[in-house]
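Undergrad: Structure file final-v5.txt, compact mmCIF, C-alpha atoms and all ligand atoms, is pasted below:
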```txt
# COMPACT_ATOMS: atom_id res chain seq x y z
CA MET L 1 -37.92 20.37 -6.24
CA SER L 2 -41.25 18.54 -6.54
CA SER L 3 -42.20 15.98 -9.15
CA PRO L 4 -45.41 15.85 -11.23
CA PHE L 5 -45.41 12.14 -10.33
CA GLY L 6 -45.40 12.83 -6.58
CA HIS L 7 -41.92 11.37 -5.96
CA LEU L 8 -38.44 12.11 -7.28
CA PRO L 9 -36.57 8.84 -7.92
CA VAL L 10 -33.26 8.93 -6.02
CA LEU L 11 -29.87 8.23 -7.63
CA LEU L 12 -31.65 7.91 -11.00
CA GLU L 13 -28.53 8.39 -13.09
CA SER L 14 -26.54 5.74 -11.20
CA VAL L 15 -29.48 3.32 -11.27
CA SER L 16 -29.86 3.88 -15.04
CA ASN L 17 -26.13 3.31 -15.64
CA LEU L 18 -25.49 0.39 -13.30
CA LEU L 19 -28.79 -1.41 -13.92
CA CYS L 20 -29.24 -0.59 -17.62
CA PRO L 21 -30.97 -3.72 -18.97
CA PRO L 22 -29.98 -5.42 -22.23
CA ALA L 23 -32.19 -4.58 -25.23
CA GLY L 24 -35.41 -6.60 -24.90
CA GLY L 25 -34.39 -7.60 -21.36
CA THR L 26 -36.52 -8.34 -18.30
CA VAL L 27 -36.67 -5.98 -15.33
CA LEU L 28 -38.09 -6.65 -11.88
CA ASP L 29 -38.90 -3.46 -9.96
CA LEU L 30 -39.63 -4.68 -6.44
CA THR L 31 -40.69 -1.27 -5.12
CA ALA L 32 -42.39 0.36 -8.10
CA GLY L 33 -43.63 3.39 -6.13
CA ARG L 34 -44.46 6.24 -8.53
CA GLY L 35 -42.65 4.53 -11.39
CA GLY L 36 -39.66 6.88 -11.86
CA HIS L 37 -37.00 4.16 -11.86
CA ALA L 38 -39.36 1.70 -13.56
CA GLU L 39 -39.99 4.06 -16.48
CA ALA L 40 -36.26 4.69 -17.02
CA LEU L 41 -35.40 0.97 -16.89
CA ALA L 42 -38.34 -0.04 -19.11
CA ARG L 43 -37.41 2.58 -21.72
CA ALA L 44 -33.83 1.27 -21.68
CA ALA L 45 -35.08 -2.32 -22.22
CA GLY L 46 -37.02 -1.00 -25.24
CA THR L 47 -39.27 -2.93 -27.60
CA GLY L 48 -39.65 -6.57 -26.58
CA GLY L 49 -38.65 -5.69 -23.01
CA ARG L 50 -40.62 -6.90 -20.01
CA ILE L 51 -41.13 -5.41 -16.58
CA LEU L 52 -42.75 -6.83 -13.44
CA LEU L 53 -43.79 -4.15 -10.96
CA CYS L 54 -44.28 -4.98 -7.30
CA ASP L 55 -45.54 -2.77 -4.47
CA LEU L 56 -47.31 -3.13 -1.14
CA ASP L 57 -49.23 0.07 -1.87
CA ALA L 58 -52.05 -0.60 -4.34
CA GLY L 59 -52.34 3.11 -5.25
CA ASN L 60 -48.65 3.44 -6.09
CA LEU L 61 -48.69 0.16 -8.01
CA ALA L 62 -51.60 1.32 -10.21
CA PHE L 63 -49.88 4.68 -10.76
CA SER L 64 -46.55 3.17 -11.82
CA GLU L 65 -48.31 0.57 -13.97
CA ALA L 66 -50.13 3.28 -15.94
CA ARG L 67 -46.85 5.14 -16.38
CA VAL L 68 -44.98 2.11 -17.72
CA ARG L 69 -47.87 0.88 -19.89
CA ALA L 70 -47.65 4.17 -21.79
CA ILE L 71 -44.24 3.02 -23.16
CA PRO L 72 -44.76 1.23 -26.49
CA GLY L 73 -43.46 -2.31 -26.94
CA ILE L 74 -43.07 -3.21 -23.25
CA GLU L 75 -44.88 -6.14 -21.62
CA VAL L 76 -45.97 -5.21 -18.09
CA ARG L 77 -47.11 -7.37 -15.18
CA THR L 78 -47.82 -6.39 -11.59
CA ILE L 79 -47.90 -7.98 -8.17
CA HIS L 80 -49.60 -6.28 -5.25
CA GLY L 81 -47.84 -7.45 -2.09
CA SER L 82 -44.46 -7.77 -0.47
CA PHE L 83 -41.37 -8.23 -2.57
CA ALA L 84 -40.70 -11.25 -0.38
CA ASN L 85 -43.24 -12.96 -2.75
CA ALA L 86 -41.86 -11.60 -6.02
CA ASP L 87 -39.97 -14.84 -6.73
CA ARG L 88 -43.28 -16.76 -6.96
CA ALA L 89 -44.77 -14.11 -9.25
CA MET L 90 -41.74 -14.32 -11.56
CA LEU L 91 -41.84 -18.12 -11.63
CA SER L 92 -45.56 -18.23 -12.32
CA ALA L 93 -45.10 -15.71 -15.17
CA GLY L 94 -42.27 -17.92 -16.49
CA TRP L 95 -40.00 -14.87 -16.48
CA ALA L 96 -36.34 -14.56 -15.49
CA ALA L 97 -34.94 -11.13 -14.58
CA ASP L 98 -31.86 -9.46 -16.04
CA ARG L 99 -32.17 -6.51 -13.66
CA VAL L 100 -33.72 -6.28 -10.20
CA LEU L 101 -34.20 -3.06 -8.24
CA ALA L 102 -35.34 -2.53 -4.65
CA ASP L 103 -35.64 1.15 -3.67
CA LEU L 104 -36.58 0.60 -0.04
CA GLY L 105 -38.81 2.57 2.30
CA PHE L 106 -41.64 4.88 1.33
CA ALA L 107 -42.55 7.30 -1.44
CA SER L 108 -43.07 11.03 -0.91
CA THR L 109 -46.79 10.64 -1.69
CA GLN L 110 -47.10 8.28 1.28
CA MET L 111 -45.11 10.49 3.67
CA ASP L 112 -46.97 13.64 2.62
CA ASP L 113 -50.49 12.19 3.00
CA PRO L 114 -51.66 12.88 6.60
CA ALA L 115 -54.20 10.04 6.34
CA ARG L 116 -51.33 7.50 6.07
CA GLY L 117 -49.89 8.50 9.46
CA PHE L 118 -46.18 8.40 8.52
CA SER L 119 -45.42 11.97 9.52
CA PHE L 120 -45.74 13.97 12.71
CA GLN L 121 -45.74 17.20 10.65
CA ASN L 122 -49.45 16.85 9.81
CA ASP L 123 -51.99 15.37 12.18
CA GLY L 124 -53.56 12.15 10.96
CA ALA L 125 -54.58 8.63 11.95
CA LEU L 126 -51.67 6.62 13.39
CA ASP L 127 -51.66 3.99 10.61
CA MET L 128 -48.24 3.68 8.86
CA ARG L 129 -49.16 0.58 6.82
CA LEU L 130 -47.74 0.58 3.30
CA ASP L 131 -50.37 -2.02 2.40
CA LEU L 132 -53.72 -0.63 3.52
CA SER L 133 -55.47 -3.95 2.86
CA ARG L 134 -53.94 -5.90 5.73
CA GLY L 135 -51.92 -5.94 8.93
CA GLU L 136 -51.66 -4.07 12.20
CA THR L 137 -51.48 -0.28 12.31
CA ALA L 138 -49.00 1.72 14.38
CA ALA L 139 -51.85 2.48 16.81
CA ASP L 140 -52.46 -1.30 17.20
CA LEU L 141 -48.76 -1.87 17.96
CA LEU L 142 -48.63 0.97 20.48
CA ALA L 143 -51.67 -0.47 22.24
CA ARG L 144 -50.27 -3.98 22.65
CA MET L 145 -46.46 -3.82 22.95
CA SER L 146 -44.82 -4.00 26.37
CA GLU L 147 -42.79 -1.07 27.62
CA SER L 148 -39.51 -3.01 27.30
CA ALA L 149 -40.30 -4.20 23.76
CA LEU L 150 -41.12 -0.63 22.75
CA ALA L 151 -37.91 0.66 24.31
CA ASP L 152 -35.84 -2.00 22.51
CA ALA L 153 -37.47 -1.25 19.16
CA ILE L 154 -37.08 2.53 19.48
CA PHE L 155 -33.44 2.01 20.46
CA GLN L 156 -32.52 -0.61 17.84
CA LEU L 157 -34.61 0.52 14.86
CA GLY L 158 -34.79 4.23 15.65
CA GLU L 159 -31.34 4.46 17.29
CA ASP L 160 -32.84 6.96 19.77
CA PRO L 161 -30.76 7.33 22.97
CA PHE L 162 -33.93 8.39 24.84
CA ALA L 163 -35.69 5.11 23.95
CA ARG L 164 -36.39 4.03 27.55
CA ARG L 165 -37.83 7.40 28.53
CA ILE L 166 -39.94 7.50 25.36
CA ALA L 167 -41.34 4.00 26.00
CA ARG L 168 -42.19 5.04 29.59
CA SER L 169 -43.96 8.17 28.33
CA ILE L 170 -45.92 6.15 25.72
CA VAL L 171 -47.06 3.60 28.31
CA GLU L 172 -48.02 6.32 30.77
CA ARG L 173 -50.01 8.19 28.08
CA ARG L 174 -51.81 5.05 26.80
CA SER L 175 -52.92 4.15 30.35
CA ARG L 176 -55.20 7.23 30.11
CA ALA L 177 -56.40 6.80 26.50
CA PRO L 178 -55.30 4.80 23.44
CA PHE L 179 -53.20 6.60 20.83
CA ARG L 180 -55.20 7.54 17.75
CA THR L 181 -53.29 10.29 15.97
CA THR L 182 -49.76 11.22 14.93
CA HIS L 183 -49.84 14.41 16.97
CA GLU L 184 -50.78 12.49 20.14
CA LEU L 185 -47.70 10.30 19.68
CA ALA L 186 -45.43 13.24 18.79
CA ILE L 187 -46.53 15.02 22.01
CA ALA L 188 -45.83 11.92 24.15
CA VAL L 189 -42.35 11.54 22.61
CA SER L 190 -41.54 15.25 23.02
CA ALA L 191 -42.60 15.00 26.67
CA ALA L 192 -39.98 12.27 27.19
CA TYR L 193 -37.28 14.57 25.79
CA GLY L 194 -38.36 17.39 28.12
CA PRO L 195 -36.32 20.64 27.70
CA LYS L 196 -33.78 18.70 25.55
CA ALA L 197 -36.42 18.72 22.76
CA ARG L 198 -35.47 22.34 22.11
CA ASP L 199 -31.75 21.47 21.65
CA SER L 200 -32.42 18.59 19.28
CA ARG L 201 -31.63 19.33 15.58
CA MET L 202 -34.36 16.99 14.39
CA HIS L 203 -37.88 16.72 15.78
CA PRO L 204 -37.76 14.44 18.86
CA ALA L 205 -40.38 12.13 17.30
CA THR L 206 -38.39 11.48 14.10
CA ARG L 207 -36.67 8.31 15.28
CA THR L 208 -39.69 6.86 17.08
CA PHE L 209 -41.80 7.29 13.94
CA MET L 210 -39.11 5.57 11.86
CA ALA L 211 -38.90 2.64 14.31
CA LEU L 212 -42.68 2.19 14.26
CA ARG L 213 -42.86 2.32 10.46
CA ILE L 214 -40.14 -0.34 10.17
CA MET L 215 -42.03 -2.58 12.61
CA VAL L 216 -45.51 -2.06 11.14
CA ASN L 217 -44.24 -3.08 7.69
CA ASP L 218 -41.71 -5.70 8.84
CA GLU L 219 -39.18 -3.92 6.65
CA LEU L 220 -36.10 -5.78 7.87
CA GLY L 221 -37.86 -9.17 7.71
CA ALA L 222 -38.91 -8.51 4.09
CA LEU L 223 -35.36 -7.48 3.14
CA ARG L 224 -33.87 -10.60 4.75
CA GLY L 225 -36.43 -12.75 2.86
CA LEU L 226 -35.58 -11.04 -0.42
CA LEU L 227 -31.82 -11.47 0.00
CA GLU L 228 -32.29 -15.16 0.76
CA ALA L 229 -34.59 -15.63 -2.26
CA LEU L 230 -31.95 -13.98 -4.47
CA ARG L 231 -29.19 -16.23 -3.11
CA VAL L 232 -31.32 -19.32 -3.81
CA ALA L 233 -32.24 -18.10 -7.32
CA ALA L 234 -28.58 -17.42 -8.11
CA SER L 235 -27.72 -21.01 -7.17
CA THR L 236 -30.52 -22.55 -9.26
CA ILE L 237 -29.94 -23.86 -12.77
CA PRO L 238 -31.02 -21.58 -15.64
CA GLY L 239 -34.48 -22.45 -16.88
CA LYS L 240 -35.63 -23.14 -13.33
CA SER L 241 -34.53 -19.83 -11.81
CA TRP L 242 -36.28 -16.44 -11.87
CA LEU L 243 -32.88 -14.78 -12.39
CA ASN L 244 -30.99 -14.92 -15.67
CA PRO L 245 -27.26 -15.66 -15.59
CA GLY L 246 -25.38 -12.34 -15.26
CA ALA L 247 -28.41 -10.66 -13.62
CA ARG L 248 -27.76 -7.49 -11.64
CA ILE L 249 -29.47 -6.54 -8.40
CA GLY L 250 -29.48 -3.01 -7.05
CA VAL L 251 -30.68 -2.08 -3.57
CA ILE L 252 -31.18 1.50 -2.38
CA SER L 253 -31.44 1.64 1.39
CA PHE L 254 -32.11 4.55 3.72
CA HIS L 255 -31.32 2.98 7.09
CA SER L 256 -27.98 1.75 8.42
CA LEU L 257 -29.47 -1.62 9.47
CA GLU L 258 -30.80 -2.21 5.93
CA ASP L 259 -27.54 -1.16 4.35
CA ARG L 260 -25.62 -3.51 6.66
CA LEU L 261 -27.82 -6.47 5.64
CA VAL L 262 -27.26 -5.74 1.94
CA LYS L 263 -23.52 -5.16 2.35
CA HIS L 264 -23.03 -8.43 4.25
CA ALA L 265 -25.14 -10.44 1.80
CA PHE L 266 -23.17 -9.09 -1.19
CA VAL L 267 -19.81 -9.84 0.49
CA GLU L 268 -21.01 -13.38 1.32
CA TRP L 269 -22.27 -13.99 -2.23
CA GLU L 270 -18.96 -12.79 -3.66
CA SER L 271 -16.99 -15.13 -1.35
CA ALA L 272 -19.28 -18.01 -2.38
CA GLY L 273 -18.43 -17.35 -6.05
CA LEU L 274 -21.96 -16.25 -6.97
CA GLY L 275 -20.73 -13.10 -8.70
CA ARG L 276 -19.14 -9.76 -7.93
CA ARG L 277 -19.93 -6.45 -6.28
CA LEU L 278 -20.12 -3.63 -8.81
CA THR L 279 -20.05 -1.10 -5.94
CA ARG L 280 -17.37 -1.64 -3.28
CA LYS L 281 -18.60 1.50 -1.53
CA PRO L 282 -22.25 2.50 -1.76
CA VAL L 283 -23.22 5.17 -4.29
CA GLU L 284 -24.62 8.28 -2.60
CA ALA L 285 -26.38 11.39 -3.85
CA SER L 286 -24.34 14.26 -5.30
CA ASP L 287 -24.58 17.75 -3.84
CA ALA L 288 -26.69 18.78 -6.83
CA GLU L 289 -29.15 15.96 -6.20
CA LEU L 290 -29.29 16.78 -2.49
CA ARG L 291 -30.14 20.38 -3.29
CA ALA L 292 -32.99 19.25 -5.55
CA ASN L 293 -34.13 16.39 -3.29
CA PRO L 294 -33.09 16.51 0.39
CA ARG L 295 -34.84 13.14 0.90
CA ALA L 296 -31.92 11.53 -0.97
CA ARG L 297 -29.53 12.39 1.87
CA SER L 298 -29.42 8.93 3.46
CA ALA L 299 -29.81 6.91 0.23
CA LYS L 300 -27.14 4.27 -0.40
CA LEU L 301 -27.11 2.20 -3.60
CA ARG L 302 -25.26 -1.12 -3.78
CA VAL L 303 -25.21 -3.26 -6.92
CA PHE L 304 -24.25 -6.92 -7.34
CA GLU L 305 -23.75 -8.79 -10.62
CA PHE L 306 -24.41 -12.50 -10.55
CA ALA L 307 -22.02 -14.75 -12.47
CA THR L 308 -22.87 -15.88 -15.99
CA GLU L 309 -21.99 -19.45 -14.96
CA ILE L 310 -24.33 -20.60 -12.20
CA ILE L 311 -22.69 -22.61 -9.40
CA VAL L 312 -25.25 -25.17 -8.31
CA PRO L 313 -24.49 -26.50 -4.82
CA ARG L 314 -24.19 -30.33 -4.71
C1 LIG Q 401 -38.93 4.76 -2.22
S1 LIG Q 401 -40.45 4.23 -2.87
C2 LIG Q 401 -40.02 3.69 -4.49
C3 LIG Q 401 -40.01 4.81 -5.47
C4 LIG Q 401 -39.80 4.36 -6.89
N1 LIG Q 401 -38.50 3.76 -7.10
C5 LIG Q 401 -40.02 5.50 -7.85
O1 LIG Q 401 -39.16 5.78 -8.71
O2 LIG Q 401 -41.08 6.14 -7.79
C6 LIG Q 401 -40.69 2.71 -2.08
C7 LIG Q 401 -41.93 1.97 -2.49
O3 LIG Q 401 -41.75 0.63 -2.06
C8 LIG Q 401 -42.92 0.13 -1.50
N2 LIG Q 401 -42.50 -0.92 -0.55
C9 LIG Q 401 -41.83 -0.78 0.62
N3 LIG Q 401 -41.58 -1.99 1.16
C10 LIG Q 401 -42.08 -2.92 0.30
C11 LIG Q 401 -42.12 -4.35 0.29
N4 LIG Q 401 -41.63 -5.09 1.30
N5 LIG Q 401 -42.68 -4.97 -0.76
C12 LIG Q 401 -43.21 -4.26 -1.80
N6 LIG Q 401 -43.22 -2.90 -1.83
C13 LIG Q 401 -42.66 -2.23 -0.80
C14 LIG Q 401 -43.59 1.34 -0.87
O4 LIG Q 401 -44.98 1.14 -0.77
C15 LIG Q 401 -43.22 2.46 -1.86
O5 LIG Q 401 -44.22 2.63 -2.84
```
As a first step, turn the structure in this file into structure tokens.
Ligand SMILES: C[S@@+](CC[C@H](N)C(=O)[O-])C[C@H]1O[C@@H](n2cnc3c(N)ncnc32)[C@H](O)[C@@H]1O

TA:
Amino acid sequence: MSSPFGHLPVLLESVSNLLCPPAGGTVLDLTAGRGGHAEALARAAGTGGRILLCDLDAGNLAFSEARVRAIPGIEVRTIHGSFANADRAMLSAGWAADRVLADLGFASTQMDDPARGFSFQNDGALDMRLDLSRGETAADLLARMSESALADAIFQLGEDPFARRIARSIVERRSRAPFRTTHELAIAVSAAYGPKARDSRMHPATRTFMALRIMVNDELGALRGLLEALRVAASTIPGKSWLNPGARIGVISFHSLEDRLVKHAFVEWESAGLGRRLTRKPVEASDAELRANPRARSAKLRVFEFATEIIVPR
């Protein structure tokens, strides 16, 4: 099923239930995307509610902003940039969040646009930046990384057992000409698989593309920074923190490494008395949702509720 907004928000019902804000409450959507979750949460906050939208992608941010501004009675602010900086934006607005959502990764509009370079299905420039205003592209990374660093990244981030052979094939191909397009990279990766490419259930380039996207956008670094900022905010006295007592944070991840970081952080926060996990096991998409939106297949939602009494470390 497609969406008139270009992206179907995953696990929308669970997000709406578990992160339903109090009436007139403040929501921080760290990955506003096409605004599906943001609209649902802003409507639930209702008149007097406030929402801060954050996204690395200026186009998505403008789109979700227009969508949420159409809701009467909601105050809207935006921050273009990484959610690693959302704490500063909240503090400078003088806002404290009751609900925080991070729906990690990319939106369908980004994946489906050949000019963004996320997909090997359509040929396009090898870019992969979520924020088109800054940073190195995937082509830049492929031009400068050593063979062993590429192999490690494709193995660790892409979990591809052929990582060493793929890195060798990339280095051999770039010695003749720099990579410029997604198809050039897909061909080099398929060459490393050889005849095994035909046996593989997924396209041989799937994991290499995922590893590159994670590196280009420093996705794990941003998530680590966010989790640390949340821990600090939850240990800061009310009035000085950008989180309200009792705030809930929901993270939807699509990669096992991301989910592991979130799971460990939530367990640690619970042991430190900062609050409790509302999801012991991650919430996953139902069969009905998967039929309507196969991209939800690896989505995992975890939700944490911070305590109403803040424990300030001495
Ligand atoms: C899965 S989409 C979010 C979809 C959104 N929840 C909706 O309902 O339309 C992820 C969005 O997060 C953005 N993004 C990814 N990493 C980010 C980061 N570190 N900081 C800010 N935005 C990020 C992407 O540009 C993309 O627009």

Undergrad: Step by step, measure atom-to-atom distances between ligand LIG 401 (chain Q) and each residue using all atoms listed in the file, keep those at most 9 Å, then write them as a ChimeraX atom specification.

TA: /L:5-10,12,29-40,54-61,64,79-86,101-110,129-131,217-223,226,252-253

Undergrad: Would you please work out which residue, of L:Arg302, L:Leu132, L:Leu91, L:Leu11, is nearest to Asp287 in chain L when using only C-alpha atoms?

TA: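 Nearest to Asp287 in chain L: L:Leu11.
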
Undergrad: Please determine, counting all atoms listed in the file, which residue among L:Met202, L:Ala153, L:Leu227, L:Leu185 has the shortest atom-to-atom distance to Leu126 in chain L.

TA: L:Leu185

Undergrad: Using all atoms listed in the file, which of the listed residues (L:Gln156, L:Thr206, L:Ser133, L:Ser190) sits closest to Phe120 in chain L?

TA: L:Thr206

Undergrad: Do you know which residues lie at most 10 Å from (-34.0, 12.6, -1.6), with coordinates as in the file and all atoms listed in the file counted, and could you write them as a compact mmCIF listing (two decimals) with C-alpha atoms, in the coordinates of the input?

TA:
```txt
# COMPACT_ATOMS: atom_id res chain seq x y z
CA MET L 1 -37.92 20.37 -6.24
CA HIS L 7 -41.92 11.37 -5.96
CA LEU L 8 -38.44 12.11 -7.28
CA PRO L 9 -36.57 8.84 -7.92
CA VAL L 10 -33.26 8.93 -6.02
CA LEU L 11 -29.87 8.23 -7.63
CA SER L 108 -43.07 11.03 -0.91
CA PHE L 254 -32.11 4.55 3.72
CA ALA L 285 -26.38 11.39 -3.85
CA GLU L 289 -29.15 15.96 -6.20
CA LEU L 290 -29.29 16.78 -2.49
CA ARG L 291 -30.14 20.38 -3.29
CA ALA L 292 -32.99 19.25 -5.55
CA ASN L 293 -34.13 16.39 -3.29
CA PRO L 294 -33.09 16.51 0.39
CA ARG L 295 -34.84 13.14 0.90
CA ALA L 296 -31.92 11.53 -0.97
CA ARG L 297 -29.53 12.39 1.87
CA SER L 298 -29.42 8.93 3.46
CA ALA L 299 -29.81 6.91 0.23
```

Undergrad: Could you state the separation of CA of Glu284 in chain L and CA of Val251 in chain L in Å, given to one decimal place?

TA: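 Computed distance, CA of Glu284 in chain L to CA of Val251 in chain L, equals 12.0 Å.
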
Undergrad: Report, in Å with one decimal, the straight-line distance from CA of Arg280 in chain L to CA of Arg99 in chain L.

TA: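 CA of Arg280 in chain L sits 18.7 Å away from CA of Arg99 in chain L.
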
Undergrad: Have a look at CA of Gly49 in chain L and CA of Leu278 in chain L and let me know their distance in Å, one decimal.

TA: 23.4 Å

Undergrad: Which residues come within 9 Å of Phe209 in chain L, counting all atoms listed in the file, excluding same-chain residues fewer than 6 positions away, as a list in words?

TA: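 Those residues are Phe118, Ser119, Phe120, Met128, Ile154, Gly158, Thr182, Leu185 and Ala186 of chain L.
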
Undergrad: Using all atoms listed in the file, which protein or nucleic acid residues come within 9 Å of Glu75 in chain L? Drop anything in the same chain fewer than 6 positions from it, and give the result as a list in words.

TA: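 Contacts, in chain order: Thr47, Gly48, Gly49, Arg50, Ile51, Leu52 and Arg69 of chain L.
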
Undergrad: Please write as an mmCIF file with C-alpha atoms, in the frame of the given file the list of polymer residues whose atoms come within 9 Å of (-50.5, 1.4, 19.9), counting all atoms listed in the file and keeping to the coordinates of the file.

TA:
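File written: out-v6.cif
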```cif
data_model
loop_
_atom_site.group_PDB
_atom_site.id
_atom_site.type_symbol
_atom_site.label_atom_id
_atom_site.label_comp_id
_atom_site.auth_asym_id
_atom_site.auth_seq_id
_atom_site.Cartn_x
_atom_site.Cartn_y
_atom_site.Cartn_z
ATOM 1 C CA LEU L 126 -51.670 6.620 13.390
ATOM 2 C CA THR L 137 -51.480 -0.280 12.310
ATOM 3 C CA ALA L 138 -49.000 1.720 14.380
ATOM 4 C CA ALA L 139 -51.850 2.480 16.810
ATOM 5 C CA ASP L 140 -52.460 -1.300 17.200
ATOM 6 C CA LEU L 141 -48.760 -1.870 17.960
ATOM 7 C CA LEU L 142 -48.630 0.970 20.480
ATOM 8 C CA ALA L 143 -51.670 -0.470 22.240
ATOM 9 C CA ARG L 144 -50.270 -3.980 22.650
ATOM 10 C CA MET L 145 -46.460 -3.820 22.950
ATOM 11 C CA ILE L 170 -45.920 6.150 25.720
ATOM 12 C CA ARG L 174 -51.810 5.050 26.800
ATOM 13 C CA PRO L 178 -55.300 4.800 23.440
ATOM 14 C CA PHE L 179 -53.200 6.600 20.830
ATOM 15 C CA ARG L 180 -55.200 7.540 17.750
#
```

Undergrad: Please provide as a short mmCIF file (atom, residue, chain, number, x, y, z; two decimals) with C-alpha atoms, in the coordinates of the input all residues within 10 Å of Asp87 in chain L, with the sequence filter that same-chain residues fewer than 5 positions apart are discarded (counting all atoms listed in the file).

TA:
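Printed below is out24.cif as written:
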```cif
data_model
loop_
_atom_site.label_atom_id
_atom_site.label_comp_id
_atom_site.auth_asym_id
_atom_site.auth_seq_id
_atom_site.Cartn_x
_atom_site.Cartn_y
_atom_site.Cartn_z
CA LEU L 28 -38.09 -6.65 -11.88
CA SER L 92 -45.56 -18.23 -12.32
CA ALA L 93 -45.10 -15.71 -15.17
CA TRP L 95 -40.00 -14.87 -16.48
CA ALA L 96 -36.34 -14.56 -15.49
CA LEU L 226 -35.58 -11.04 -0.42
CA ALA L 229 -34.59 -15.63 -2.26
CA LEU L 230 -31.95 -13.98 -4.47
CA ALA L 233 -32.24 -18.10 -7.32
CA SER L 241 -34.53 -19.83 -11.81
CA TRP L 242 -36.28 -16.44 -11.87
CA LEU L 243 -32.88 -14.78 -12.39
#
```
